[in-house]
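Colleague: Just one file: data-v3.cif, with mmCIF, C-alpha atoms and all ligand atoms.
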data_my_file
loop_
_atom_site.label_atom_id
_atom_site.label_comp_id
_atom_site.auth_asym_id
_atom_site.auth_seq_id
_atom_site.Cartn_x
_atom_site.Cartn_y
_atom_site.Cartn_z
CA MET A 28 20.92 -8.02 -6.49
CA ILE A 29 18.42 -10.12 -4.53
CA PHE A 30 18.56 -8.89 -0.94
CA LEU A 31 15.48 -10.45 0.58
CA ASN A 32 13.86 -13.88 0.42
CA LEU A 33 10.38 -13.81 1.98
CA GLY A 34 9.81 -17.50 1.28
CA TYR A 35 6.72 -18.99 -0.33
CA GLN A 36 3.74 -16.64 -0.26
CA PRO A 37 0.14 -16.84 -1.49
CA LEU A 38 -1.35 -13.87 -3.37
CA ALA A 39 -1.86 -11.46 -0.49
CA ASN A 40 -5.44 -10.39 -1.23
CA ARG A 41 -6.73 -13.87 -2.17
CA TYR A 42 -8.84 -14.47 0.98
CA LYS A 43 -10.29 -17.98 0.93
CA SER A 44 -13.96 -18.74 1.45
CA LEU A 45 -14.87 -21.30 4.11
CA ASN A 46 -16.02 -23.88 1.53
CA SER A 47 -12.65 -23.79 -0.22
CA LYS A 48 -10.81 -24.00 3.13
CA LYS A 49 -9.32 -27.41 2.33
CA LYS A 50 -8.33 -26.50 -1.25
CA LYS A 51 -4.55 -26.26 -1.64
CA GLU A 52 -3.32 -22.71 -2.07
CA ILE A 53 -0.74 -21.87 -4.71
CA LYS A 54 2.30 -20.16 -3.24
CA TYR A 55 5.08 -18.31 -5.01
CA LYS A 56 8.65 -17.60 -3.99
CA LEU A 57 8.90 -13.94 -3.00
CA LEU A 58 12.33 -12.47 -3.73
CA VAL A 59 13.12 -8.76 -3.60
CA ASN A 60 15.70 -7.15 -5.87
CA PHE A 61 17.75 -3.93 -5.87
CA ASP A 62 19.03 -2.82 -9.27
CA PRO A 63 22.37 -1.01 -8.69
CA ARG A 64 22.06 0.80 -12.05
CA THR A 65 18.50 2.16 -11.90
CA LYS A 66 18.34 2.06 -8.04
CA LEU A 67 14.88 0.57 -8.40
CA VAL A 68 13.63 -1.98 -5.85
CA SER A 69 11.19 -4.54 -7.21
CA ILE A 70 9.94 -8.04 -6.54
CA LYS A 71 11.39 -10.68 -8.84
CA ARG A 72 8.23 -12.51 -9.91
CA LYS A 73 5.87 -9.90 -11.28
CA PHE A 74 2.20 -10.77 -11.73
CA SER A 75 -0.07 -9.08 -14.27
CA SER A 76 -2.86 -6.82 -13.02
CA LYS A 77 -5.48 -9.22 -14.42
CA ILE A 78 -4.39 -11.98 -12.00
CA MET A 79 -4.39 -9.75 -8.92
CA PHE A 80 -7.20 -7.25 -9.52
CA ASN A 81 -10.60 -8.58 -10.51
CA ASP A 82 -14.23 -8.53 -9.47
CA SER A 83 -13.56 -10.21 -6.13
CA TYR A 84 -10.91 -7.76 -4.93
CA PRO A 85 -11.45 -7.17 -1.19
CA TYR A 86 -9.59 -3.92 -0.42
CA ARG A 87 -11.59 -0.76 0.28
CA SER A 88 -9.72 2.54 0.78
CA SER A 89 -12.43 3.97 3.04
CA MET A 90 -11.96 1.40 5.85
CA SER A 91 -9.74 3.75 7.85
CA LYS A 92 -10.42 7.28 9.04
CA THR A 93 -6.73 8.03 8.50
CA MET A 94 -6.93 7.40 4.74
CA VAL A 95 -10.33 9.08 4.38
CA ASN A 96 -8.78 12.20 5.97
CA ASN A 97 -5.62 11.91 3.92
CA PHE A 98 -7.62 12.00 0.67
CA LYS A 99 -9.87 14.80 1.92
CA GLU A 100 -6.90 16.97 2.87
CA LEU A 101 -5.27 16.44 -0.52
CA ALA A 102 -8.53 17.33 -2.28
CA LEU A 103 -8.72 20.58 -0.27
CA LYS A 104 -5.09 21.36 -1.09
CA ILE A 105 -5.67 20.81 -4.82
CA LYS A 106 -8.71 23.10 -4.69
CA ARG A 107 -6.61 25.81 -3.01
CA LYS A 108 -3.42 25.55 -5.04
CA PHE A 109 -4.19 24.49 -8.60
CA ILE A 110 -6.30 25.70 -11.50
CA TYR A 111 -8.07 22.78 -13.14
CA LYS A 112 -11.15 21.76 -15.04
CA LYS A 113 -10.99 17.97 -14.79
CA VAL A 114 -9.47 15.41 -12.45
CA LEU A 115 -8.53 11.84 -13.33
CA GLU A 116 -7.66 9.15 -10.80
CA ILE A 117 -5.97 5.88 -11.71
CA GLY A 118 -6.91 3.12 -9.22
CA CYS A 119 -9.72 5.18 -7.65
CA ASN A 120 -10.92 2.18 -5.63
CA ASP A 121 -14.13 3.06 -3.70
CA GLY A 122 -13.91 6.79 -4.52
CA ALA A 123 -12.48 8.00 -1.19
CA PHE A 124 -10.57 10.77 -3.03
CA LEU A 125 -12.69 11.46 -6.12
CA LYS A 126 -15.91 11.97 -4.12
CA HIS A 127 -14.56 15.46 -3.38
CA PHE A 128 -14.64 16.35 -7.10
CA ASN A 129 -17.57 14.24 -8.32
CA ASP A 130 -19.02 16.08 -11.34
CA ILE A 131 -15.62 16.91 -12.85
CA ALA A 132 -13.99 13.61 -11.91
CA LEU A 133 -13.19 10.48 -13.85
CA GLY A 134 -11.96 7.33 -12.13
CA VAL A 135 -10.26 4.25 -13.52
CA GLU A 136 -10.80 1.15 -11.37
CA PRO A 137 -10.50 -2.36 -12.84
CA CYS A 138 -12.19 -4.23 -9.96
CA GLY A 139 -15.89 -4.13 -10.88
CA ASN A 140 -17.13 -4.77 -7.32
CA ILE A 141 -15.08 -1.87 -5.95
CA ALA A 142 -15.81 0.43 -8.92
CA LYS A 143 -19.51 0.03 -8.04
CA LEU A 144 -18.84 1.49 -4.57
CA ALA A 145 -17.32 4.58 -6.21
CA GLU A 146 -20.26 4.87 -8.62
CA LYS A 147 -22.60 4.88 -5.62
CA LYS A 148 -20.80 8.08 -4.61
CA LYS A 149 -21.89 9.61 -7.96
CA ILE A 150 -18.44 9.31 -9.53
CA LYS A 151 -18.00 8.44 -13.20
CA VAL A 152 -15.83 5.31 -13.29
CA ILE A 153 -14.36 3.30 -16.13
CA SER A 154 -13.85 -0.24 -14.90
CA ASP A 155 -10.71 -1.18 -16.80
CA TYR A 156 -6.93 -1.45 -16.50
CA TRP A 157 -4.73 1.57 -17.15
CA THR A 158 -3.22 1.06 -20.62
CA LYS A 159 -2.36 3.12 -23.71
CA LYS A 160 -5.50 1.86 -25.38
CA LEU A 161 -7.61 3.12 -22.48
CA ALA A 162 -5.71 6.44 -22.31
CA ASN A 163 -6.39 7.05 -26.02
CA LYS A 164 -10.06 6.25 -25.52
CA ILE A 165 -10.25 8.63 -22.54
CA LYS A 166 -8.45 11.35 -24.53
CA SER A 167 -10.90 11.13 -27.40
CA GLU A 168 -13.94 11.12 -25.09
CA TYR A 169 -12.88 13.54 -22.35
CA GLY A 170 -9.86 15.46 -23.70
CA LEU A 171 -6.78 16.27 -21.60
CA PHE A 172 -6.63 16.42 -17.79
CA ASP A 173 -5.14 19.14 -15.57
CA ILE A 174 -4.82 16.90 -12.53
CA ILE A 175 -4.06 13.17 -12.55
CA TYR A 176 -3.80 11.43 -9.19
CA SER A 177 -2.74 7.90 -8.41
CA ALA A 178 -2.19 6.56 -4.90
CA ASN A 179 -0.81 3.12 -4.13
CA THR A 180 -1.53 1.93 -7.67
CA LEU A 181 1.18 2.65 -10.26
CA THR A 182 3.67 0.55 -8.24
CA HIS A 183 1.20 -2.33 -8.68
CA ILE A 184 1.53 -2.29 -12.49
CA LYS A 185 4.31 -4.33 -14.08
CA ASN A 186 4.89 -2.29 -17.23
CA LEU A 187 5.97 1.17 -16.06
CA ASN A 188 6.84 2.26 -19.62
CA ASP A 189 3.26 1.73 -20.64
CA VAL A 190 2.00 3.44 -17.46
CA PHE A 191 3.90 6.70 -18.03
CA LYS A 192 3.45 6.79 -21.84
CA SER A 193 -0.29 6.48 -21.21
CA ILE A 194 -0.21 9.28 -18.62
CA ASN A 195 1.65 11.54 -21.07
CA LEU A 196 -1.16 10.98 -23.57
CA VAL A 197 -3.81 12.54 -21.31
CA LEU A 198 -1.85 15.04 -19.18
CA ASN A 199 -2.29 18.68 -20.17
CA LYS A 200 0.82 20.73 -21.12
CA ASN A 201 0.85 22.48 -17.73
CA GLY A 202 -1.01 19.72 -15.93
CA VAL A 203 0.08 18.04 -12.69
CA LEU A 204 0.45 14.34 -11.99
CA ILE A 205 0.39 13.43 -8.28
CA ILE A 206 1.68 10.01 -7.24
CA GLU A 207 1.55 8.72 -3.67
CA ASP A 208 3.18 5.52 -2.43
CA PRO A 209 4.99 4.00 0.56
CA SER A 210 8.48 5.45 0.80
CA LEU A 211 11.37 3.03 0.33
CA LEU A 212 13.44 5.06 2.80
CA GLU A 213 10.82 4.65 5.55
CA CYS A 214 10.41 0.97 4.76
CA ILE A 215 14.15 0.31 5.09
CA LYS A 216 14.44 2.48 8.21
CA LYS A 217 11.46 0.85 9.97
CA ASN A 218 12.18 -2.74 8.81
CA THR A 219 8.70 -2.98 7.30
CA TYR A 220 9.56 -5.83 4.95
CA ASP A 221 5.83 -6.52 4.55
CA GLN A 222 5.69 -3.63 2.06
CA PHE A 223 7.09 -6.19 -0.40
CA TYR A 224 4.42 -8.54 -1.73
CA ASN A 225 2.85 -9.52 -5.04
CA GLU A 226 0.85 -6.27 -5.42
CA HIS A 227 3.79 -4.03 -4.53
CA ILE A 228 5.82 -4.84 -7.63
CA TYR A 229 7.93 -1.71 -7.09
CA VAL A 230 8.66 0.33 -3.97
CA PHE A 231 9.78 3.76 -5.17
CA SER A 232 12.36 6.13 -3.77
CA LEU A 233 12.75 9.72 -4.94
CA ILE A 234 16.04 8.61 -6.54
CA SER A 235 14.55 5.74 -8.57
CA LEU A 236 11.32 7.49 -9.57
CA SER A 237 13.23 10.59 -10.81
CA LYS A 238 15.32 8.34 -13.06
CA ILE A 239 12.26 6.56 -14.48
CA LEU A 240 10.35 9.80 -15.16
CA LYS A 241 13.26 11.38 -17.05
CA LYS A 242 12.72 8.84 -19.86
CA PHE A 243 9.22 10.21 -20.34
CA ASN A 244 10.13 13.91 -20.15
CA LEU A 245 8.46 14.17 -16.78
CA ARG A 246 9.94 16.00 -13.77
CA ILE A 247 9.16 15.78 -10.04
CA PHE A 248 8.80 19.38 -8.88
CA LYS A 249 7.74 18.86 -5.27
CA LEU A 250 7.92 16.15 -2.63
CA GLU A 251 5.83 15.74 0.50
CA ASN A 252 6.55 13.15 3.19
CA LEU A 253 3.36 11.73 4.70
CA ASP A 254 2.78 9.59 7.80
CA VAL A 255 0.21 7.32 6.12
CA HIS A 256 0.88 3.64 5.36
CA GLY A 257 4.01 3.63 7.51
CA GLY A 258 5.53 6.67 5.78
CA SER A 259 4.62 7.60 2.21
CA ASN A 260 5.92 10.00 -0.41
CA ARG A 261 3.66 12.26 -2.40
CA TYR A 262 5.37 13.26 -5.64
CA TYR A 263 4.10 16.27 -7.64
CA ILE A 264 5.12 15.84 -11.27
CA CYS A 265 4.90 17.98 -14.43
CA LYS A 266 6.06 17.82 -18.03
CA ASN A 267 9.73 18.76 -18.32
CA ASN A 268 9.04 22.00 -20.18
CA SER A 269 6.15 23.07 -17.92
CA LYS A 270 6.27 26.57 -16.40
CA ILE A 271 6.24 25.06 -12.87
CA ARG A 272 9.52 25.53 -10.98
CA THR A 273 11.21 22.77 -9.02
CA HIS A 274 10.81 23.14 -5.26
CA GLN A 275 13.61 22.92 -2.65
CA SER A 276 11.98 19.73 -1.24
CA ILE A 277 13.48 17.78 -4.16
CA LYS A 278 17.05 18.69 -3.30
CA ASN A 279 16.37 18.01 0.39
CA GLY A 280 14.67 14.69 -0.32
CA LEU A 281 17.51 13.44 -2.51
CA LYS A 282 20.03 14.50 0.11
CA LYS A 283 18.14 12.58 2.79
CA GLU A 284 18.00 9.39 0.70
CA LEU A 285 21.67 9.61 -0.28
CA LYS A 286 22.70 10.26 3.32
CA PHE A 287 20.95 7.00 4.22
CA SER A 288 22.84 5.29 1.31
CA LEU A 289 19.63 4.26 -0.42
CA ASP A 290 21.68 4.05 -3.63
CA LYS A 291 24.11 1.44 -2.17
CA GLN A 292 23.84 -2.36 -2.17
CA THR A 293 25.21 -2.64 1.40
CA THR A 294 22.13 -0.82 2.77
CA TYR A 295 19.90 -3.58 1.39
CA LYS A 296 22.19 -6.40 2.52
CA LYS A 297 22.06 -5.05 6.08
CA PHE A 298 18.28 -4.68 5.82
CA GLY A 299 18.03 -8.35 4.77
CA LEU A 300 19.87 -9.36 7.95
CA ARG A 301 17.63 -7.20 10.14
CA VAL A 302 14.56 -8.84 8.60
CA LYS A 303 15.86 -12.33 9.49
CA LYS A 304 16.38 -11.16 13.08
CA SER A 305 12.89 -9.64 13.10
CA LYS A 306 11.40 -13.00 12.08
CA ARG A 307 13.20 -14.82 14.92
CA LEU A 308 12.04 -12.28 17.50
CA LEU A 309 8.42 -12.30 16.33
CA LEU A 310 8.25 -16.09 16.39
CA ASP A 311 9.77 -16.06 19.88
CA ILE A 312 6.99 -13.78 21.11
CA PHE A 313 4.28 -15.98 19.59
CA GLU A 314 5.86 -19.23 20.82
CA LYS A 315 6.16 -17.91 24.38
CA LEU A 316 2.53 -16.78 24.42
CA ARG A 317 1.42 -20.12 22.95
CA LEU A 318 3.34 -22.18 25.51
CA LYS A 319 1.72 -20.18 28.31
CA LYS A 320 -1.67 -20.87 26.68
CA ASN A 321 -2.46 -17.18 26.16
CA LYS A 322 -5.29 -16.37 23.79
CA VAL A 323 -3.94 -14.28 20.89
CA ILE A 324 -6.00 -12.79 18.09
CA GLY A 325 -5.15 -10.60 15.07
CA TYR A 326 -6.39 -7.06 14.42
CA GLY A 327 -6.62 -5.79 10.80
CA ALA A 328 -6.37 -8.56 8.18
CA SER A 329 -4.18 -6.53 5.83
CA ALA A 330 -2.22 -7.76 2.82
CA LYS A 331 0.87 -6.78 4.79
CA ALA A 332 -0.18 -9.09 7.67
CA VAL A 333 -0.50 -11.97 5.18
CA THR A 334 3.11 -11.34 4.14
CA ILE A 335 4.44 -11.19 7.72
CA LEU A 336 2.63 -14.32 8.91
CA ASN A 337 3.54 -16.42 5.87
CA TYR A 338 7.18 -15.35 6.11
CA CYS A 339 7.39 -16.09 9.84
CA GLY A 340 5.35 -19.32 9.74
CA ILE A 341 2.64 -18.00 12.05
CA THR A 342 -0.67 -19.86 11.67
CA ASN A 343 -3.90 -20.69 13.52
CA LYS A 344 -1.72 -22.45 16.11
CA HIS A 345 -0.60 -18.99 17.24
CA ILE A 346 -3.52 -16.71 16.33
CA GLU A 347 -7.07 -17.88 17.09
CA TYR A 348 -8.81 -15.53 14.64
CA PHE A 349 -8.47 -12.09 13.05
CA LEU A 350 -10.81 -9.11 13.33
CA ASP A 351 -11.49 -6.85 10.38
CA THR A 352 -14.01 -4.16 9.47
CA THR A 353 -14.09 -5.01 5.73
CA PRO A 354 -17.23 -6.97 4.74
CA GLU A 355 -15.37 -8.63 1.82
CA LYS A 356 -12.84 -10.21 4.22
CA GLN A 357 -15.17 -11.38 7.01
CA ASN A 358 -15.79 -15.13 7.37
CA LYS A 359 -12.91 -15.83 5.04
CA ILE A 360 -9.50 -17.37 5.72
CA LEU A 361 -6.35 -15.25 5.81
CA PRO A 362 -4.26 -16.57 2.87
CA GLY A 363 -1.69 -19.22 3.76
CA THR A 364 -2.44 -19.29 7.50
CA ASN A 365 -5.72 -21.13 8.16
CA ILE A 366 -6.79 -18.21 10.35
CA LEU A 367 -10.47 -17.22 10.23
CA ILE A 368 -11.37 -13.52 9.89
CA LYS A 369 -14.29 -12.38 12.04
CA LYS A 370 -16.39 -9.25 11.86
CA TYR A 371 -15.13 -6.45 14.11
CA THR A 372 -17.48 -4.87 16.62
CA SER A 373 -16.69 -2.17 19.16
CA LYS A 374 -16.83 -4.86 21.90
CA SER A 375 -14.55 -7.33 20.11
CA LEU A 376 -11.62 -6.71 22.45
CA SER A 377 -13.54 -7.04 25.72
CA ASN A 378 -11.97 -10.38 26.74
CA ILE A 379 -8.73 -10.14 24.81
CA ASN A 380 -5.25 -9.84 26.31
CA TYR A 381 -3.11 -10.00 23.17
CA ALA A 382 -3.79 -8.90 19.59
CA PHE A 383 -1.33 -8.95 16.70
CA LEU A 384 -1.47 -5.56 15.00
CA GLY A 385 -1.92 -6.51 11.33
CA ALA A 386 -2.90 -2.92 10.53
CA TRP A 387 0.24 -1.52 12.24
CA ASN A 388 0.19 1.44 9.85
CA PHE A 389 -3.02 2.60 11.56
CA LYS A 390 -1.66 2.20 15.10
CA ASN A 391 -2.64 5.74 16.18
CA GLU A 392 -6.19 5.39 14.89
CA ILE A 393 -6.59 1.94 16.45
CA PHE A 394 -5.07 2.88 19.81
CA LYS A 395 -7.43 5.83 20.01
CA LYS A 396 -10.41 3.60 19.18
CA GLU A 397 -9.39 0.85 21.63
CA ASN A 398 -8.20 3.14 24.43
CA LYS A 399 -10.73 1.64 26.87
CA TYR A 400 -9.37 -1.90 26.36
CA LEU A 401 -5.75 -0.77 26.36
CA LYS A 402 -6.35 0.81 29.76
CA LYS A 403 -7.85 -2.49 30.97
CA GLY A 404 -4.61 -4.26 29.99
CA CYS A 405 -5.14 -5.42 26.39
CA LYS A 406 -1.78 -5.50 24.60
CA PHE A 407 -0.79 -5.42 20.95
CA ILE A 408 2.02 -7.38 19.31
CA THR A 409 3.75 -5.44 16.57
CA HIS A 410 6.61 -6.40 14.23
CA ALA A 411 8.11 -3.01 13.39
CA PRO A 412 10.64 -1.49 13.79
CA MET A 413 11.48 -4.63 15.83
CA PRO A 414 8.96 -7.12 17.29
CA LYS A 415 7.59 -6.22 20.69
CA ILE A 416 4.46 -6.18 22.85
CA VAL A 417 2.99 -2.72 23.34
CA GLY A 418 0.21 -1.43 25.54
CA LYS A 419 -0.68 1.40 27.92
O1 LIG B 1 -1.22 -0.76 -1.59
C1 LIG B 1 -2.20 -1.24 -1.13
C2 LIG B 1 -2.80 -0.60 0.09
C3 LIG B 1 -3.16 0.83 -0.11
O2 LIG B 1 -3.91 -1.29 0.52
C4 LIG B 1 -2.87 -2.42 -1.72
N1 LIG B 1 -1.87 -3.21 -2.40
C5 LIG B 1 -3.64 -3.29 -0.78
C6 LIG B 1 -3.88 -2.70 0.57
O3 LIG B 1 -2.86 -3.13 1.45
P1 LIG B 1 -3.15 -3.61 2.95
O4 LIG B 1 -4.22 -4.62 2.92
O5 LIG B 1 -1.88 -3.97 3.60
O6 LIG B 1 -3.77 -2.22 3.50
P2 LIG B 1 -4.18 -1.61 4.87
O7 LIG B 1 -4.91 -0.38 4.54
O8 LIG B 1 -3.01 -1.48 5.76
O9 LIG B 1 -5.19 -2.67 5.53
C7 LIG B 1 -5.69 -2.48 6.79
C8 LIG B 1 -6.73 -3.54 7.10
O10 LIG B 1 -7.15 -3.38 8.45
C9 LIG B 1 -7.99 -3.42 6.25
O11 LIG B 1 -8.49 -4.72 5.96
C10 LIG B 1 -8.97 -2.69 7.15
C11 LIG B 1 -8.56 -3.18 8.52
N2 LIG B 1 -8.84 -2.26 9.63
C12 LIG B 1 -9.63 -2.69 10.70
O12 LIG B 1 -10.13 -3.81 10.70
N3 LIG B 1 -9.87 -1.81 11.70
C13 LIG B 1 -8.28 -1.02 9.62
C14 LIG B 1 -8.52 -0.13 10.65
C15 LIG B 1 -7.91 1.24 10.66
C16 LIG B 1 -9.36 -0.55 11.74
O13 LIG B 1 -9.60 0.21 12.70
N1 LIG B 2 -5.90 4.34 -4.59
C1 LIG B 2 -6.47 3.59 -3.51
C2 LIG B 2 -6.43 2.07 -3.74
C3 LIG B 2 -5.10 1.40 -3.63
S1 LIG B 2 -5.20 -0.37 -3.83
C4 LIG B 2 -5.79 3.92 -2.21
O1 LIG B 2 -4.71 4.52 -2.18
O2 LIG B 2 -6.34 3.57 -1.17
C5 LIG B 2 -4.67 -0.52 -5.48
C6 LIG B 2 -5.74 -0.15 -6.48
O3 LIG B 2 -5.15 -0.14 -7.78
C7 LIG B 2 -6.89 -1.15 -6.52
O4 LIG B 2 -8.10 -0.49 -6.37
C8 LIG B 2 -6.72 -1.80 -7.90
O5 LIG B 2 -7.89 -2.26 -8.49
C9 LIG B 2 -6.04 -0.69 -8.71
N2 LIG B 2 -5.26 -1.20 -9.87
C10 LIG B 2 -4.44 -2.26 -9.86
N3 LIG B 2 -3.92 -2.46 -11.09
C11 LIG B 2 -4.41 -1.50 -11.88
C12 LIG B 2 -4.27 -1.19 -13.26
N4 LIG B 2 -3.50 -1.93 -14.06
N5 LIG B 2 -4.92 -0.10 -13.74
C13 LIG B 2 -5.69 0.66 -12.92
N6 LIG B 2 -5.89 0.40 -11.61
C14 LIG B 2 -5.26 -0.67 -11.10
#
Please express the file's structure as structure tokens.
Ligand code: DWN
Ligand code: SAH
Modeller:
Amino acid sequence: MIFLNLGYQPLANRYKSLNSKKKKEIKYKLLVNFDPRTKLVSIKRKFSSKIMFNDSYPYRSSMSKTMVNNFKELALKIKRKFIYKKVLEIGCNDGAFLKHFNDIALGVEPCGNIAKLAEKKKIKVISDYWTKKLANKIKSEYGLFDIIYSANTLTHIKNLNDVFKSINLVLNKNGVLIIEDPSLLECIKKNTYDQFYNEHIYVFSLISLSKILKKFNLRIFKLENLDVHGGSNRYYICKNNSKIRTHQSIKNGLKKELKFSLDKQTTYKKFGLRVKKSKRLLLDIFEKLRLKKNKVIGYGASAKAVTILNYCGITNKHIEYFLDTTPEKQNKILPGTNILIKKYTSKSLSNINYAFLGAWNFKNEIFKKENKYLKKGCKFITHAPMPKIVGK
């Protein structure tokens, strides 16, 4: 059942260079589907990894202290709780997690430019896509792995059958697979419709992921709810016949999702209506500020911001420019909006009254960093859970 139509959207991480500013961008209809049988939420038009992830991919995991700490804390936890000899990460990006294991770590990262950043941290990286062919190659060269980690990556890969068959090939008998992704429950609760875009092919719930894993004789034995990326789930998974016992958090997590009716179509229909209302309210805020000739900029040129702005029809008429700390995004155009992205400096907000919070998932980190300007009256526009202007 299609429950959300986010209109025509460009590929979210395809930032345009200034010389190709006038070139027409290709946009695709973005529809989001709930399957009442499998309970899986996915986008209708699914792109292959090769189209989305290549040597000009701009996303770096280490651009926020929040994520750097998140990966560090998990690494410390793994060191405390598990016995392991080797750690594999699928979608290791710039090595923010694997740097804590370097000599026993192996990373898989298809984007050559980003893989290089991980290699600079002395991590062994294979720059390729996660497939059965690659898993077999890794198995013959490195043997089996005790820990396999993948954050915000497996949901980006169209063929989940291939993903989990490949993982089974390299996971040790009593090994642990840890998957971390935005939680569907939190996304529905907080109206963060921008979690649905071309890279987020699937948004997992505990209900849907448990069903998928059963087919591959894999079992989720523990669930952790995290604050990162607007509310994420960290799933600890083992082979069905592993000695590891299933933790109470699984029962509790399922209960929570069922209580919220995450398995029912009506939940998604109501969400679809809330999203339409959210669009109207956000546009209202921008239109009012524009009519009063207020200067508005954007803060954090995230893929999620691309989705929000393209859905709501917000362009360079409403937002003068964006600020971002990522070198790969600076002096480029935010896809589909004609808005220029400028380099962030610690003084960037000195004459700014209004900034749209594109990196809303890092609100705490950003508010702490910009406390001085917030106190002076700078305000942020945010879209979730419902559009509003926030400040100090
Ligand atoms: O799943 C994905 C997640 C993990 O990362 C990928 N599909 C792509 C990407 O999604 P995103 O672009 O929506 O991620 P972020 O991490 O929400 O992006 C935040 C952006 O804001 C980055 O470009 C960095 C920037 N930023 C900034 O300029 N100043 C972030 C912080 C915290 C800051 O202080
Ligand atoms: N794990 C990091 C990066 C998430 S962004 C984090 O949580 O911050 C998604 C990452 O998945 C990108 O680095 C991308 O190159 C990688 N990726 C996408 N498709 C992939 C595939 N088919 N195989 C392996 N990695 C993939």
Colleague: Please find the residues contacting ligand LIG 2 (chain B) at a distance of at most 9 Å between atoms, with only C-alpha atoms and all ligand atoms counted, and report them as a ChimeraX atom specification.
Modeller: /A:75-77,79-82,84,86-89,94-95,98,116-124,135-139,141-142,154-158,176-186,190,207-208,226
Colleague: Enumerate, as a PyMOL selection string, the protein, DNA and RNA residues whose atoms approach (-8.5, -16.0, 11.0) to within 10 Å, taking into account all atoms listed in the file and the coordinate frame of the file.
Modeller: chain A and resi 324-326+328+342-343+346-351+356-362+364-369
Colleague: Which distance in Å separates atom CA of A:Lys403 and atom CA of A:Asn391, to one decimal?
Modeller: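 Between atom CA of A:Lys403 and atom CA of A:Asn391 the gap works out to 17.7 Å.
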Colleague: Applying 7 Å and all atoms listed in the file, which residues near stretch 302-318 of chain A remain after dropping the ones on its own chain fewer than 2 positions away? List them as a PyMOL selection string.
Modeller: chain A and resi 218+220+298-300+320-321+339+345+410+413-414
Colleague: Atom CA of A:Ser375 to atom C1 of ligand LIG 1 (chain B): how many Å, to one decimal?
Modeller: 25.3 Å
Colleague: Using only C-alpha atoms and all ligand atoms for the distances, tell me which of A:Lys92, A:Lys192, A:Lys217, A:Lys99 is nearest to ligand LIG 1 (chain B).
Modeller: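 Closest residue, counting only C-alpha atoms and all ligand atoms: A:Lys92.
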Colleague: What is the atom CA of A:Phe407 to atom CA of A:Val59 distance in Å?
Modeller: 28.4 Å
Colleague: Tell me which of A:Ser47, A:Asn60, A:Thr93, A:Asn32 sits closest to ligand LIG 1 (chain B), counting only C-alpha atoms and all ligand atoms.
Modeller: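 Closest candidate: A:Thr93.
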Colleague: I'd like to know which of A:Phe223, A:Tyr295, A:Phe243, A:Phe172 is closest to ligand LIG 1 (chain B), using all atoms listed in the file.
Modeller: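 Closest candidate: A:Phe223.
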Colleague: Name all residues at most 6 Å from A:Leu245 (count only C-alpha atoms; drop same-chain ones fewer than 3 positions away) and give them as number ranges by chain.
Modeller: A: 240-241, 265-267
Colleague: List as a PyMOL selection string the residues having at least one atom at most 9 Å from position (-14.1, 19.1, -10.3) as given in the file, counting only C-alpha atoms.
Modeller: chain A and resi 106+111-114+125+127-132
Colleague: Which is closer to ligand LIG 1 (chain B) than all the others in A:Arg246, A:Lys374, A:Lys51, A:His227, using only C-alpha atoms and all ligand atoms?
Modeller: A:His227
Colleague: Please, what is the axis-aligned box for every listed atom of stretch 141-152 of chain A with 3 Å on each side, as centre and edge lengths in Å to one decimal, as JSON?
Modeller:
{"center_x": -18.8, "center_y": 3.9, "center_z": -8.9, "size_x": 13.5, "size_y": 17.5, "size_z": 14.7}
Colleague: Find the residue from A:Arg41, A:Lys147, A:Lys126, A:Lys108 that sits nearest to ligand LIG 1 (chain B); use all atoms listed in the file when measuring.
Modeller: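 Result for the nearest residue to ligand LIG 1 (chain B): A:Arg41.
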Colleague: Which is closest to A:Tyr262 among A:Gly404, A:Pro209, A:Gly385, A:Pro85, if we use all atoms listed in the file?
Modeller: A:Pro209
Colleague: Reconstruct N, CA and C atoms of stretch 243-249 of chain A from the incomplete input and present them as a short mmCIF file (atom, residue, chain, number, x, y, z; two decimals), in the coordinates of the input.
Modeller:
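Written output follows (selection_4.cif):
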data_model
loop_
_atom_site.label_atom_id
_atom_site.label_comp_id
_atom_site.auth_asym_id
_atom_site.auth_seq_id
_atom_site.Cartn_x
_atom_site.Cartn_y
_atom_site.Cartn_z
N PHE A 243 10.51 9.82 -19.77
CA PHE A 243 9.22 10.21 -20.34
C PHE A 243 9.03 11.72 -20.34
N ASN A 244 10.18 12.44 -20.19
CA ASN A 244 10.13 13.91 -20.15
C ASN A 244 9.21 14.43 -19.05
N LEU A 245 9.24 13.73 -17.93
CA LEU A 245 8.46 14.17 -16.78
C LEU A 245 9.43 14.54 -15.66
N ARG A 246 9.04 15.49 -14.81
CA ARG A 246 9.94 16.00 -13.77
C ARG A 246 9.17 16.11 -12.45
N ILE A 247 9.80 15.62 -11.37
CA ILE A 247 9.16 15.78 -10.04
C ILE A 247 9.51 17.19 -9.57
N PHE A 248 8.48 18.00 -9.28
CA PHE A 248 8.80 19.38 -8.88
C PHE A 248 8.59 19.61 -7.39
N LYS A 249 7.93 18.68 -6.71
CA LYS A 249 7.74 18.86 -5.27
C LYS A 249 7.54 17.50 -4.59
#
